[in-house]
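Below is one structure, written out as structure tokens; the observations come after it.
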Amino acid sequence: MARTRTVLEWVQIAFGLLVFSFGVHLTIFANIGLAPWDCLGMGIAANTPLNYGLAMTSTSVLILLLDLVLGERIGYGTIIDALLTGNFVQLFNDASPLKPCESLLPGVAMMLVGFAIMAVGMWIYMRAGQCCGPRDALLVGLGKRLPRVPIGVVQIALWSMVTVAGWLLGGPVGVGTLLSAFAAGVIMQVVYQLLHFEPRDVQHRDVIEVNRLLVSRGGQPPL
């Protein structure tokens with residue numbers, strides 16, 4: 001029973017990431033500048049044979065390894081996120097009938113809708129309780145090593161470095177980059193309130209805990 005539940009949670013994570021990736025796709029096609037990590041992914045893609053999806057996947061795997069070095073908890077959700085999200089976004093980018101926006105106001109509207117869809121995807125994903133994505137784990141890990149620095153300042157510093165790196169590589173920076181810094185969190189909170197969801201209440205299980213559950217007799221936790 002527990003094993004079946006775990007597999008269903010993996011499906012839930014993948015579906016949540018699919019929804020999240022569609023939201024990211026909308027923020028890209030808004031064509032008014034990208035969020036920091038997406039800007040970096042586009043910059044890497046512009047300077048390597050990799051497309052955006054593979055660039056983001058490679059970056060996410062490297063960040064996941066850094067999370068391990070920092071001693072952060074890694075769940076199957078973290079791994080699935082690293083492997084699927086960038087490629088899902090690339091799939092939407094390639095298959096979508098939408099065209100990039102050509103003016104500011106439609107672009108802003110599309111980006112805000114994208115943020116809302118991303119929040120719904122994260123709600124689906126996080127409810128599985130198998131740890132957060134690689135970039136969130138990195139932020140937490142850095143925050144733990146800078147205990148006197150507010151986590152918001154750590155986030156701004158990290159995003160600033162990522163944005164500058166992406167910009168130097170040719171990634172698009174613009175109004176959307178500022179929106180992602182200030183509006184995405186507000187929209188996420190509104191969506192979570194509408195869904196009556198508090199992410200801090202989720203009890204996460206890392207890879208070790210899930211593996212113990214899967215190999216125990218009958219899929220039940222060992223006594």
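Identifiers in the structure tokens: chain A, B, ... in order shown; residue index from 1 per chain; ligand index from 1 in order shown.
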
Which polymer residues have any atom within 12 Å of an atom of Val108 (chain A), counting only C-alpha atoms, with same-chain residues fewer than 5 positions away left out, as a PyMOL selection string? chain A and resi 26-34+100-103+113-115+174-180+183-184

Taking only residues of region 103-160 of chain A that have an atom at most 12 Å from an atom of region 186-190 of chain A, what is each one's shortest atom pair and its distance in Å to one decimal, using only C-alpha atoms, in chain and number order, as a Markdown table?
```
| residue | atom | partner | partner_atom | distance |
| --- | --- | --- | --- | --- |
| A:Met111 | CA | A:Ile187 | CA | 11.0 |
| A:Leu112 | CA | A:Ile187 | CA | 7.8 |
| A:Val113 | CA | A:Ile187 | CA | 9.2 |
| A:Gly114 | CA | A:Ile187 | CA | 10.0 |
| A:Phe115 | CA | A:Ile187 | CA | 6.7 |
| A:Ala116 | CA | A:Ile187 | CA | 6.1 |
| A:Ile117 | CA | A:Met188 | CA | 9.1 |
| A:Met118 | CA | A:Met188 | CA | 8.0 |
| A:Ala119 | CA | A:Met188 | CA | 5.1 |
| A:Val120 | CA | A:Met188 | CA | 8.2 |
| A:Gly121 | CA | A:Met188 | CA | 10.4 |
| A:Met122 | CA | A:Met188 | CA | 9.1 |
| A:Trp123 | CA | A:Met188 | CA | 9.4 |
```

Only N, CA and C atoms, please: the residues just picked out, written as a compact mmCIF listing (two decimals), in the first residue's frame.
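Output saved as part.txt:
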```
# COMPACT_ATOMS: atom_id res chain seq x y z
N MET A 111 2.72 37.15 -18.34
CA MET A 111 3.66 36.75 -17.30
C MET A 111 2.95 36.56 -15.97
N LEU A 112 2.02 37.41 -15.64
CA LEU A 112 1.29 37.29 -14.37
C LEU A 112 0.44 36.01 -14.35
N VAL A 113 -0.19 35.69 -15.48
CA VAL A 113 -0.92 34.42 -15.58
C VAL A 113 0.04 33.25 -15.42
N GLY A 114 1.21 33.37 -16.02
CA GLY A 114 2.23 32.33 -15.88
C GLY A 114 2.62 32.11 -14.43
N PHE A 115 2.78 33.21 -13.68
CA PHE A 115 3.12 33.09 -12.25
C PHE A 115 2.03 32.32 -11.50
N ALA A 116 0.76 32.62 -11.81
CA ALA A 116 -0.35 31.95 -11.13
C ALA A 116 -0.35 30.45 -11.43
N ILE A 117 -0.12 30.10 -12.69
CA ILE A 117 -0.08 28.68 -13.07
C ILE A 117 1.11 27.99 -12.42
N MET A 118 2.23 28.67 -12.35
CA MET A 118 3.40 28.11 -11.67
C MET A 118 3.09 27.81 -10.21
N ALA A 119 2.35 28.71 -9.55
CA ALA A 119 2.00 28.50 -8.14
C ALA A 119 1.10 27.27 -7.98
N VAL A 120 0.16 27.08 -8.91
CA VAL A 120 -0.70 25.89 -8.85
C VAL A 120 0.15 24.63 -9.03
N GLY A 121 1.08 24.66 -9.97
CA GLY A 121 1.97 23.52 -10.18
C GLY A 121 2.78 23.20 -8.95
N MET A 122 3.29 24.25 -8.28
CA MET A 122 4.07 24.03 -7.06
C MET A 122 3.19 23.46 -5.95
N TRP A 123 1.93 23.89 -5.89
CA TRP A 123 0.99 23.35 -4.90
C TRP A 123 0.81 21.85 -5.12
```

In Å, how far is it from CA of Glu72 (chain A) to CA of Lys144 (chain A)?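 Spanning CA of Glu72 (chain A) to CA of Lys144 (chain A) is a straight-line distance of 9.9 Å.
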
Pull the alpha helix (DSSP H) assignments for region 106-140 of chain A out of DSSP run on the backbone, and list those residues as a PyMOL selection string. chain A and resi 106-126+134-140

In terms of only C-alpha atoms, the residue from A:Leu213, A:Leu168, A:Leu142, A:Ala157 at minimal distance from Gly71 (chain A) is A:Leu142
